[in-house]
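Structure record follows, encoded as structure tokens.
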Amino acid sequence: MTRLDATRRLVAALDREPVIASLGHPAYDLFAAGDRPENFYTWGSMGLASSIGLGLAMVQPDLRIFVVDGDGALLMNLGALATIGWIRPANLVLIVWDNAVYGTTGGQDTATAHGADLEAVARALGARIATTVHAEHDLDAAIARARVEPGPWVIVARVSEVMPTVKPPLDCVYIKQRFMAAIGQPEGATRGARI
Amino acid sequence: MSLEPHWAAGVCEGLHAVGSRHVVYVPDNPLSHVLRILDREYADVRRTVATREEEAFGIAAGMYLGGARPTVMLQSSGLGNSLNALTSLLIPYKIPALVIISMRGDVGEWNDAQVPMGRALPAILDAIGLPHATAESPETTAETVRLVGQTAFGTRQPGVCLLPRRVTVPAGGATTRDRRETSVPISVGVQPHDARVRS
């Protein structure tokens with residue numbers, strides 16, 4: 001399956017769960033699959049989508065937080081898996097689109113093309129459930145469970161790289177303010193106040 | 001009855017006063033005093049260890065998106081690890097955090113390897129446009145931390161409070177562990193046999 005197909009399956013399965021997207025192609029495909037205010041598109045900070053998801057999961061335990069990361073990005077911040085394994089937020093679902101390349105930068109191999117096993121790393125560092133899926137129906141089944149069963153979940157989805165054709169909104173503050181309002185935490189500065 | 005230094009109590013007081021209930025950190029010897037006070041006296045403040053400083057800023061950003069007011073604590077050496085998170089996440093998205101930096105490499109330093117980053121740190125913060133203030137004394141630390149946090153969360157950008165070594169590692173004012181490991185390097189240049197005898 002392509003990353004865009006997989007992303008469309010994810011979005012179709014979700015209700016209003018927040019999704020944090022890693023920069024570049026994971027964010028582009030999340031936008032292409034259907035823009036929604038509960039999407040937080042990062043435009044930089046490669047590797048930190050999983051950490052942003054962890055912080056949000058810690059302070060909003062009643063929301064189920066999804067992260068769409070890339071294999072290259074997660075490899076840049078493997079320590080995040082150790083912290084997630086320590087905190088063990090039951091409401092965090094980390095989906096790794098593993099295409100074995102740095103797709104946004106021209107398709108250079110990542111370590112997963114040469115044997116690195118991110119599911120095994122996630123399990124070793126304390127994820128409650130770590131799984132690898134290859135086919136659409138396995139991805140659907142994993143997402144359906146991850147929406148309701150305690151995590152932290154790490155779903156490594158093997159996908160193929162297809163060049164995206166659209167990009168999400170560029171304005172970072174707009175992305176943030178829209179996201180915070182959508183999850184019920186409107187930024188104070190966006191409202192008026194009594195003098 | 002606290003045995004912890006006054007400046008460390010001030011950090012706790014200041015961050016709590018500004019509404020921060022989450023401290024994400026990478027450990028540092030002087031900051032251990034802050035962590036002990038938080039553990040003992042601030043049950044409503046949750047402490048989270050990150051594996052490196054960049055990760056700490058990512059976690060803090062997520063906490064802010066969820067409505068919290070995060071504090072990030074690090075040693076000055078860790079600012080280098082944090083620059084991409086600051087310049088491509090917190091600053092462009094206007095995501096605030098109260099940032100407490102324990103200084104190495106400033107006046108009083110004994111370790112060459114800490115000096116280049118410590119010396120450059122204020123200029124780096126200026127270059128990326130982050131406001132910073134220095135806690136000038138133990139007595140004023142609480143107020144400095146509170147004011148930095150007030151500006152950070154009020155104007156929605158990270159605000160940095162620097163804790164210089166002349167405040168955090170005063171002569172005779174540190175713990176025995178601090179004196180051995182960060183203030184007076186008694187084992188430097190000493191043969192292992194001698195070091196064993198001394199310890």
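Identifiers in this document derive from the order of the structure tokens: chains are assigned A, B, ..., residues are numbered from 1 separately in each chain, and ligands are numbered from 1 in order of occurrence.
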> Could you list, as a PyMOL selection string, every residue of chain A that has an atom within 6 Å of an atom of chain B, counting only C-alpha atoms?
Replying inline: chain A and resi 44-45+48+51-53+55-56+59+79+172-173+180+185
>> Could you pull out the strand (DSSP E or B) residues of range 86-153 of chain A, going by DSSP on the backbone, and write them as an NGL selection string?
In response: :A and (92-98 or 101-102 or 108-109 or 129-133 or 153)
Keeping N, CA, C and O atoms for every residue in the selection just given, could you write it to a file as a PDB file, in the first residue's frame?
ATOM      1  N   LEU A  92      -1.874   7.082  23.748  1.00  0.00           N
ATOM      2  CA  LEU A  92      -0.995   7.508  22.662  1.00  0.00           C
ATOM      3  C   LEU A  92      -0.849   6.400  21.620  1.00  0.00           C
ATOM      4  O   LEU A  92      -0.565   5.245  21.968  1.00  0.00           O
ATOM      5  N   VAL A  93      -1.054   6.774  20.354  1.00  0.00           N
ATOM      6  CA  VAL A  93      -0.908   5.828  19.241  1.00  0.00           C
ATOM      7  C   VAL A  93       0.106   6.415  18.260  1.00  0.00           C
ATOM      8  O   VAL A  93      -0.158   7.436  17.625  1.00  0.00           O
ATOM      9  N   LEU A  94       1.264   5.781  18.173  1.00  0.00           N
ATOM     10  CA  LEU A  94       2.308   6.241  17.256  1.00  0.00           C
ATOM     11  C   LEU A  94       2.302   5.335  16.026  1.00  0.00           C
ATOM     12  O   LEU A  94       2.562   4.133  16.129  1.00  0.00           O
ATOM     13  N   ILE A  95       1.951   5.935  14.883  1.00  0.00           N
ATOM     14  CA  ILE A  95       1.973   5.196  13.615  1.00  0.00           C
ATOM     15  C   ILE A  95       3.206   5.631  12.843  1.00  0.00           C
ATOM     16  O   ILE A  95       3.445   6.831  12.652  1.00  0.00           O
ATOM     17  N   VAL A  96       4.002   4.663  12.444  1.00  0.00           N
ATOM     18  CA  VAL A  96       5.221   4.962  11.697  1.00  0.00           C
ATOM     19  C   VAL A  96       5.026   4.501  10.265  1.00  0.00           C
ATOM     20  O   VAL A  96       4.881   3.300  10.006  1.00  0.00           O
ATOM     21  N   TRP A  97       4.987   5.455   9.335  1.00  0.00           N
ATOM     22  CA  TRP A  97       4.955   5.102   7.906  1.00  0.00           C
ATOM     23  C   TRP A  97       6.379   4.741   7.511  1.00  0.00           C
ATOM     24  O   TRP A  97       7.220   5.609   7.344  1.00  0.00           O
ATOM     25  N   ASP A  98       6.621   3.438   7.405  1.00  0.00           N
ATOM     26  CA  ASP A  98       7.989   2.954   7.174  1.00  0.00           C
ATOM     27  C   ASP A  98       8.138   2.594   5.695  1.00  0.00           C
ATOM     28  O   ASP A  98       7.715   1.529   5.255  1.00  0.00           O
ATOM     29  N   VAL A 101      12.913   4.769   3.243  1.00  0.00           N
ATOM     30  CA  VAL A 101      13.706   5.839   2.605  1.00  0.00           C
ATOM     31  C   VAL A 101      13.395   7.189   3.273  1.00  0.00           C
ATOM     32  O   VAL A 101      12.362   7.355   3.926  1.00  0.00           O
ATOM     33  N   TYR A 102      14.321   8.112   3.078  1.00  0.00           N
ATOM     34  CA  TYR A 102      14.056   9.510   3.398  1.00  0.00           C
ATOM     35  C   TYR A 102      13.320  10.101   2.193  1.00  0.00           C
ATOM     36  O   TYR A 102      13.925  10.647   1.274  1.00  0.00           O
ATOM     37  N   GLN A 108      16.758   8.675  -0.227  1.00  0.00           N
ATOM     38  CA  GLN A 108      17.934   7.964   0.278  1.00  0.00           C
ATOM     39  C   GLN A 108      17.502   6.872   1.267  1.00  0.00           C
ATOM     40  O   GLN A 108      16.548   7.046   2.015  1.00  0.00           O
ATOM     41  N   ASP A 109      18.209   5.763   1.287  1.00  0.00           N
ATOM     42  CA  ASP A 109      17.881   4.673   2.212  1.00  0.00           C
ATOM     43  C   ASP A 109      17.907   5.138   3.668  1.00  0.00           C
ATOM     44  O   ASP A 109      18.775   5.911   4.062  1.00  0.00           O
ATOM     45  N   ILE A 129       1.956  -2.113  23.173  1.00  0.00           N
ATOM     46  CA  ILE A 129       1.714  -2.945  22.001  1.00  0.00           C
ATOM     47  C   ILE A 129       2.519  -2.393  20.829  1.00  0.00           C
ATOM     48  O   ILE A 129       2.415  -1.208  20.501  1.00  0.00           O
ATOM     49  N   ALA A 130       3.329  -3.224  20.229  1.00  0.00           N
ATOM     50  CA  ALA A 130       4.089  -2.844  19.036  1.00  0.00           C
ATOM     51  C   ALA A 130       3.814  -3.887  17.975  1.00  0.00           C
ATOM     52  O   ALA A 130       3.848  -5.092  18.245  1.00  0.00           O
ATOM     53  N   THR A 131       3.502  -3.425  16.779  1.00  0.00           N
ATOM     54  CA  THR A 131       3.149  -4.359  15.721  1.00  0.00           C
ATOM     55  C   THR A 131       3.580  -3.783  14.378  1.00  0.00           C
ATOM     56  O   THR A 131       3.704  -2.576  14.227  1.00  0.00           O
ATOM     57  N   THR A 132       3.825  -4.681  13.428  1.00  0.00           N
ATOM     58  CA  THR A 132       4.134  -4.249  12.062  1.00  0.00           C
ATOM     59  C   THR A 132       3.045  -4.764  11.134  1.00  0.00           C
ATOM     60  O   THR A 132       2.636  -5.925  11.234  1.00  0.00           O
ATOM     61  N   VAL A 133       2.553  -3.885  10.273  1.00  0.00           N
ATOM     62  CA  VAL A 133       1.516  -4.289   9.327  1.00  0.00           C
ATOM     63  C   VAL A 133       1.988  -4.017   7.901  1.00  0.00           C
ATOM     64  O   VAL A 133       2.721  -3.052   7.647  1.00  0.00           O
ATOM     65  N   TRP A 153       0.571   2.508  21.879  1.00  0.00           N
ATOM     66  CA  TRP A 153       0.665   1.692  20.686  1.00  0.00           C
ATOM     67  C   TRP A 153       1.764   2.216  19.769  1.00  0.00           C
ATOM     68  O   TRP A 153       1.914   3.425  19.603  1.00  0.00           O
TER      69      TRP A 153
END
>> Among chain A, which ones does DSSP assign to alpha helix (DSSP H) (computed from the backbone)? Answer as number ranges by chain.
In response: A: 3-13, 25-32, 49-59, 71-76, 79-87, 118-124, 136-146, 172-182
> Any idea what the distance is between CA of Leu15 in chain B and CA of Ser32 in chain B?
Replying inline: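 So the two atoms, CA of Leu15 in chain B and CA of Ser32 in chain B, lie 15.6 Å apart.
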>> What's around Pro164 in chain B at 9 Å? Count only C-alpha atoms, leave out sequence neighbours fewer than 2 positions away in its own chain, and write the answer as a list of chain:residue names.
In response: B:Ile101, B:Ser102, B:Met103, B:Arg104, B:Asp106, B:Val107, B:Thr134, B:Ala135, B:Glu136, B:Leu162, B:Arg166, B:Val167, B:Thr168, B:Val169
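Using only C-alpha atoms, the residues found no farther than 9 Å from Leu63 in chain A, other than those of its own chain fewer than 4 positions away, are Glu17, Pro18, Leu56, Ala57, Asn91, Leu92 and Ile183 of chain A.
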>> Set the distance at 9 Å and use only C-alpha atoms: which residues neighbour range 23-37 of chain A once local chain neighbours fewer than 6 positions away are removed? I'd like the list as a PyMOL selection string.
In response: chain A and resi 3-5+7-12+16+43-47+49+68-70+73+97+103-105+163-169+175+178-183
Atoms kept (C-alpha atoms) for selection, written as a CSV table (one decimal), in the first residue's frame:
chain,number,residue,atom,x,y,z
A,3,ARG,CA,1.6,6.0,2.3
A,4,LEU,CA,-1.3,8.1,0.9
A,5,ASP,CA,-3.6,5.1,0.8
A,7,THR,CA,-3.2,7.7,5.5
A,8,ARG,CA,-6.6,7.8,3.9
A,9,ARG,CA,-7.6,4.6,5.7
A,10,LEU,CA,-6.4,6.2,9.0
A,11,VAL,CA,-8.4,9.4,8.5
A,12,ALA,CA,-11.5,7.4,7.5
A,16,ARG,CA,-12.3,13.7,16.0
A,43,TRP,CA,6.9,22.2,9.2
A,44,GLY,CA,10.2,21.5,10.9
A,45,SER,CA,11.6,19.8,14.1
A,46,MET,CA,12.2,16.5,12.4
A,47,GLY,CA,11.9,13.7,14.8
A,49,ALA,CA,6.2,14.5,16.2
A,68,VAL,CA,1.9,9.9,12.0
A,69,ASP,CA,5.7,9.7,11.9
A,70,GLY,CA,8.2,8.5,9.3
A,73,ALA,CA,12.1,10.9,11.6
A,97,TRP,CA,5.0,5.1,7.9
A,103,GLY,CA,11.2,10.3,1.0
A,104,THR,CA,11.0,14.0,1.5
A,105,THR,CA,14.7,14.5,0.7
A,163,MET,CA,5.4,11.8,-4.3
A,164,PRO,CA,2.6,14.0,-2.7
A,165,THR,CA,1.0,16.6,-4.9
A,166,VAL,CA,-0.4,19.0,-2.2
A,167,LYS,CA,0.9,20.7,0.9
A,168,PRO,CA,-0.9,21.7,4.1
A,169,PRO,CA,-1.4,25.3,5.2
A,175,ILE,CA,-2.3,25.6,12.4
A,178,ARG,CA,-7.1,26.0,14.8
A,179,PHE,CA,-5.8,22.8,16.4
A,180,MET,CA,-6.1,24.0,20.0
A,181,ALA,CA,-9.6,25.3,19.4
A,182,ALA,CA,-10.6,22.0,17.8
A,183,ILE,CA,-9.4,19.9,20.8
Mind checking which residues fall within 10 Å of Cys12 in chain B, counting only C-alpha atoms, ignoring those fewer than 5 positions away in the same chain, and posting them as a PDB file with all heavy atoms, in the first residue's frame?
ATOM      1  N   TRP B   7      18.263  29.692  46.123  1.00  0.00           N
ATOM      2  CA  TRP B   7      17.961  29.936  44.708  1.00  0.00           C
ATOM      3  C   TRP B   7      17.077  28.833  44.146  1.00  0.00           C
ATOM      4  O   TRP B   7      16.199  29.091  43.309  1.00  0.00           O
ATOM      5  CB  TRP B   7      19.251  30.066  43.878  1.00  0.00           C
ATOM      6  CG  TRP B   7      20.057  28.791  43.790  1.00  0.00           C
ATOM      7  CD1 TRP B   7      21.101  28.423  44.571  1.00  0.00           C
ATOM      8  CD2 TRP B   7      19.860  27.722  42.856  1.00  0.00           C
ATOM      9  NE1 TRP B   7      21.569  27.183  44.204  1.00  0.00           N
ATOM     10  CE2 TRP B   7      20.823  26.739  43.150  1.00  0.00           C
ATOM     11  CE3 TRP B   7      18.965  27.503  41.808  1.00  0.00           C
ATOM     12  CZ2 TRP B   7      20.915  25.545  42.440  1.00  0.00           C
ATOM     13  CZ3 TRP B   7      19.060  26.311  41.091  1.00  0.00           C
ATOM     14  CH2 TRP B   7      20.028  25.354  41.408  1.00  0.00           C
ATOM     15  N   ALA B  17       4.321  29.854  40.597  1.00  0.00           N
ATOM     16  CA  ALA B  17       3.531  31.091  40.624  1.00  0.00           C
ATOM     17  C   ALA B  17       2.993  31.450  39.247  1.00  0.00           C
ATOM     18  O   ALA B  17       1.942  32.091  39.130  1.00  0.00           O
ATOM     19  CB  ALA B  17       4.379  32.234  41.168  1.00  0.00           C
ATOM     20  N   SER B  20       2.877  26.922  36.072  1.00  0.00           N
ATOM     21  CA  SER B  20       3.464  25.757  35.436  1.00  0.00           C
ATOM     22  C   SER B  20       3.332  24.547  36.355  1.00  0.00           C
ATOM     23  O   SER B  20       3.739  24.589  37.519  1.00  0.00           O
ATOM     24  CB  SER B  20       4.945  26.009  35.118  1.00  0.00           C
ATOM     25  OG  SER B  20       5.460  24.936  34.359  1.00  0.00           O
ATOM     26  N   HIS B  33      18.867  20.120  42.950  1.00  0.00           N
ATOM     27  CA  HIS B  33      18.254  20.767  44.128  1.00  0.00           C
ATOM     28  C   HIS B  33      16.805  21.138  43.834  1.00  0.00           C
ATOM     29  O   HIS B  33      15.911  20.939  44.665  1.00  0.00           O
ATOM     30  CB  HIS B  33      19.039  22.026  44.504  1.00  0.00           C
ATOM     31  CG  HIS B  33      20.446  21.762  44.948  1.00  0.00           C
ATOM     32  ND1 HIS B  33      20.741  21.106  46.112  1.00  0.00           N
ATOM     33  CD2 HIS B  33      21.627  22.067  44.371  1.00  0.00           C
ATOM     34  CE1 HIS B  33      22.055  21.020  46.245  1.00  0.00           C
ATOM     35  NE2 HIS B  33      22.623  21.589  45.200  1.00  0.00           N
ATOM     36  N   VAL B  34      16.583  21.689  42.644  1.00  0.00           N
ATOM     37  CA  VAL B  34      15.222  22.073  42.252  1.00  0.00           C
ATOM     38  C   VAL B  34      14.331  20.836  42.232  1.00  0.00           C
ATOM     39  O   VAL B  34      13.207  20.845  42.745  1.00  0.00           O
ATOM     40  CB  VAL B  34      15.231  22.753  40.872  1.00  0.00           C
ATOM     41  CG1 VAL B  34      13.813  23.083  40.427  1.00  0.00           C
ATOM     42  CG2 VAL B  34      16.111  24.005  40.894  1.00  0.00           C
ATOM     43  N   LEU B  35      14.858  19.761  41.648  1.00  0.00           N
ATOM     44  CA  LEU B  35      14.057  18.538  41.517  1.00  0.00           C
ATOM     45  C   LEU B  35      13.700  17.960  42.880  1.00  0.00           C
ATOM     46  O   LEU B  35      12.590  17.470  43.087  1.00  0.00           O
ATOM     47  CB  LEU B  35      14.825  17.516  40.677  1.00  0.00           C
ATOM     48  CG  LEU B  35      15.059  17.969  39.230  1.00  0.00           C
ATOM     49  CD1 LEU B  35      16.106  17.082  38.554  1.00  0.00           C
ATOM     50  CD2 LEU B  35      13.756  17.953  38.450  1.00  0.00           C
ATOM     51  N   ILE B  37      13.316  19.637  45.689  1.00  0.00           N
ATOM     52  CA  ILE B  37      12.285  20.480  46.316  1.00  0.00           C
ATOM     53  C   ILE B  37      10.923  20.220  45.680  1.00  0.00           C
ATOM     54  O   ILE B  37       9.911  20.105  46.374  1.00  0.00           O
ATOM     55  CB  ILE B  37      12.667  21.971  46.195  1.00  0.00           C
ATOM     56  CG1 ILE B  37      13.962  22.252  46.942  1.00  0.00           C
ATOM     57  CG2 ILE B  37      11.541  22.850  46.749  1.00  0.00           C
ATOM     58  CD1 ILE B  37      14.538  23.643  46.686  1.00  0.00           C
ATOM     59  N   LEU B  38      10.906  20.099  44.353  1.00  0.00           N
ATOM     60  CA  LEU B  38       9.635  19.806  43.684  1.00  0.00           C
ATOM     61  C   LEU B  38       9.068  18.493  44.193  1.00  0.00           C
ATOM     62  O   LEU B  38       7.869  18.371  44.454  1.00  0.00           O
ATOM     63  CB  LEU B  38       9.842  19.742  42.167  1.00  0.00           C
ATOM     64  CG  LEU B  38      10.138  21.063  41.459  1.00  0.00           C
ATOM     65  CD1 LEU B  38      10.452  20.808  39.985  1.00  0.00           C
ATOM     66  CD2 LEU B  38       8.977  22.044  41.585  1.00  0.00           C
ATOM     67  N   GLU B  41       7.944  19.205  48.004  1.00  0.00           N
ATOM     68  CA  GLU B  41       7.011  20.256  48.410  1.00  0.00           C
ATOM     69  C   GLU B  41       5.952  20.623  47.368  1.00  0.00           C
ATOM     70  O   GLU B  41       5.062  21.411  47.658  1.00  0.00           O
ATOM     71  CB  GLU B  41       7.803  21.522  48.781  1.00  0.00           C
ATOM     72  CG  GLU B  41       8.773  21.281  49.934  1.00  0.00           C
ATOM     73  CD  GLU B  41       9.638  22.497  50.236  1.00  0.00           C
ATOM     74  OE1 GLU B  41       9.241  23.616  49.849  1.00  0.00           O
ATOM     75  OE2 GLU B  41      10.700  22.321  50.852  1.00  0.00           O
ATOM     76  N   TYR B  42       6.092  20.098  46.160  1.00  0.00           N
ATOM     77  CA  TYR B  42       5.156  20.490  45.095  1.00  0.00           C
ATOM     78  C   TYR B  42       4.544  19.240  44.467  1.00  0.00           C
ATOM     79  O   TYR B  42       4.891  18.839  43.364  1.00  0.00           O
ATOM     80  CB  TYR B  42       5.870  21.326  44.037  1.00  0.00           C
ATOM     81  CG  TYR B  42       6.315  22.695  44.514  1.00  0.00           C
ATOM     82  CD1 TYR B  42       7.521  22.847  45.206  1.00  0.00           C
ATOM     83  CD2 TYR B  42       5.536  23.824  44.287  1.00  0.00           C
ATOM     84  CE1 TYR B  42       7.939  24.090  45.652  1.00  0.00           C
ATOM     85  CE2 TYR B  42       5.942  25.074  44.730  1.00  0.00           C
ATOM     86  CZ  TYR B  42       7.144  25.202  45.406  1.00  0.00           C
ATOM     87  OH  TYR B  42       7.552  26.438  45.847  1.00  0.00           O
ATOM     88  N   VAL B  45       3.182  19.350  40.829  1.00  0.00           N
ATOM     89  CA  VAL B  45       4.054  19.572  39.675  1.00  0.00           C
ATOM     90  C   VAL B  45       4.616  18.228  39.225  1.00  0.00           C
ATOM     91  O   VAL B  45       5.275  17.524  39.993  1.00  0.00           O
ATOM     92  CB  VAL B  45       5.206  20.540  40.014  1.00  0.00           C
ATOM     93  CG1 VAL B  45       6.164  20.660  38.827  1.00  0.00           C
ATOM     94  CG2 VAL B  45       4.652  21.905  40.391  1.00  0.00           C
ATOM     95  N   THR B 141      15.892  35.160  42.675  1.00  0.00           N
ATOM     96  CA  THR B 141      15.640  34.119  41.671  1.00  0.00           C
ATOM     97  C   THR B 141      14.146  33.868  41.465  1.00  0.00           C
ATOM     98  O   THR B 141      13.682  33.768  40.328  1.00  0.00           O
ATOM     99  CB  THR B 141      16.342  32.804  42.077  1.00  0.00           C
ATOM    100  OG1 THR B 141      17.748  33.052  42.143  1.00  0.00           O
ATOM    101  CG2 THR B 141      16.078  31.710  41.054  1.00  0.00           C
ATOM    102  N   ALA B 142      13.389  33.802  42.544  1.00  0.00           N
ATOM    103  CA  ALA B 142      11.948  33.513  42.404  1.00  0.00           C
ATOM    104  C   ALA B 142      11.279  34.561  41.540  1.00  0.00           C
ATOM    105  O   ALA B 142      10.493  34.237  40.639  1.00  0.00           O
ATOM    106  CB  ALA B 142      11.291  33.455  43.785  1.00  0.00           C
ATOM    107  N   VAL B 145      12.382  34.300  37.785  1.00  0.00           N
ATOM    108  CA  VAL B 145      11.728  33.157  37.119  1.00  0.00           C
ATOM    109  C   VAL B 145      10.267  33.485  36.843  1.00  0.00           C
ATOM    110  O   VAL B 145       9.743  33.237  35.746  1.00  0.00           O
ATOM    111  CB  VAL B 145      11.856  31.885  37.982  1.00  0.00           C
ATOM    112  CG1 VAL B 145      10.973  30.761  37.437  1.00  0.00           C
ATOM    113  CG2 VAL B 145      13.308  31.434  38.048  1.00  0.00           C
ATOM    114  N   ARG B 146       9.612  34.068  37.827  1.00  0.00           N
ATOM    115  CA  ARG B 146       8.191  34.397  37.658  1.00  0.00           C
ATOM    116  C   ARG B 146       7.984  35.398  36.519  1.00  0.00           C
ATOM    117  O   ARG B 146       7.094  35.227  35.678  1.00  0.00           O
ATOM    118  CB  ARG B 146       7.620  34.967  38.958  1.00  0.00           C
ATOM    119  CG  ARG B 146       6.108  35.180  38.925  1.00  0.00           C
ATOM    120  CD  ARG B 146       5.597  35.852  40.186  1.00  0.00           C
ATOM    121  NE  ARG B 146       6.020  37.235  40.295  1.00  0.00           N
ATOM    122  CZ  ARG B 146       5.481  38.260  39.616  1.00  0.00           C
ATOM    123  NH1 ARG B 146       4.483  38.027  38.782  1.00  0.00           N
ATOM    124  NH2 ARG B 146       5.924  39.491  39.759  1.00  0.00           N
TER     125      ARG B 146
END
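For the pair CA of Val115 in chain B and CA of Val99 in chain B, the interatomic distance is 20.5 Å.
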> From the list B:Glu109, B:Asp126, B:Glu53, B:Asp39, which residue is nearest Ser77 in chain B when using only C-alpha atoms?
Replying inline: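 Of B:Glu109, B:Asp126, B:Glu53, B:Asp39, the one nearest Ser77 in chain B is B:Glu53, counting only C-alpha atoms.
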> What's the 10 Å shell around Leu147 in chain B, counting only C-alpha atoms, without same-chain residues fewer than 2 positions away, as a list in words?
Replying inline: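 Contacts, in chain order: Gly14, Leu15, Ala17, Val18, Leu98, Ala133, Thr141, Ala142, Glu143, Thr144, Val145, Gly149, Gln150, Thr151, Ala152, Gly159 and Cys161 of chain B.
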Write a file of the just-selected residues containing N, CA and C atoms, as a CSV table (one decimal), in the first residue's frame.
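Generated output (part-v2.csv):
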chain,number,residue,atom,x,y,z
B,14,GLY,N,8.9,30.4,41.6
B,14,GLY,CA,8.6,31.2,40.4
B,14,GLY,C,7.8,30.4,39.4
B,15,LEU,N,8.2,29.2,39.1
B,15,LEU,CA,7.5,28.4,38.1
B,15,LEU,C,6.1,28.1,38.5
B,17,ALA,N,4.3,29.9,40.6
B,17,ALA,CA,3.5,31.1,40.6
B,17,ALA,C,3.0,31.4,39.2
B,18,VAL,N,3.7,31.0,38.2
B,18,VAL,CA,3.3,31.4,36.9
B,18,VAL,C,2.4,30.3,36.3
B,98,LEU,N,8.5,28.1,29.7
B,98,LEU,CA,9.4,28.7,30.7
B,98,LEU,C,10.7,27.9,30.6
B,133,ALA,N,16.7,36.4,30.8
B,133,ALA,CA,17.1,37.2,32.0
B,133,ALA,C,17.9,36.3,32.9
B,141,THR,N,15.9,35.2,42.7
B,141,THR,CA,15.6,34.1,41.7
B,141,THR,C,14.1,33.9,41.5
B,142,ALA,N,13.4,33.8,42.5
B,142,ALA,CA,11.9,33.5,42.4
B,142,ALA,C,11.3,34.6,41.5
B,143,GLU,N,11.6,35.8,41.8
B,143,GLU,CA,11.0,36.9,41.0
B,143,GLU,C,11.4,36.9,39.6
B,144,THR,N,12.7,36.6,39.3
B,144,THR,CA,13.2,36.6,38.0
B,144,THR,C,12.5,35.5,37.2
B,145,VAL,N,12.4,34.3,37.8
B,145,VAL,CA,11.7,33.2,37.1
B,145,VAL,C,10.3,33.5,36.8
B,149,GLY,N,8.6,33.8,33.1
B,149,GLY,CA,7.4,33.0,32.8
B,149,GLY,C,6.2,33.8,32.4
B,150,GLN,N,6.0,34.9,33.1
B,150,GLN,CA,4.9,35.8,32.8
B,150,GLN,C,5.0,36.3,31.4
B,151,THR,N,6.2,36.8,31.0
B,151,THR,CA,6.4,37.3,29.6
B,151,THR,C,6.3,36.1,28.6
B,152,ALA,N,6.8,35.0,28.9
B,152,ALA,CA,6.8,33.9,28.0
B,152,ALA,C,5.3,33.5,27.6
B,159,GLY,N,10.7,31.8,26.9
B,159,GLY,CA,11.4,32.8,27.7
B,159,GLY,C,12.5,32.0,28.6
B,161,CYS,N,15.4,31.8,31.6
B,161,CYS,CA,16.0,32.3,32.8
B,161,CYS,C,17.3,31.6,33.0
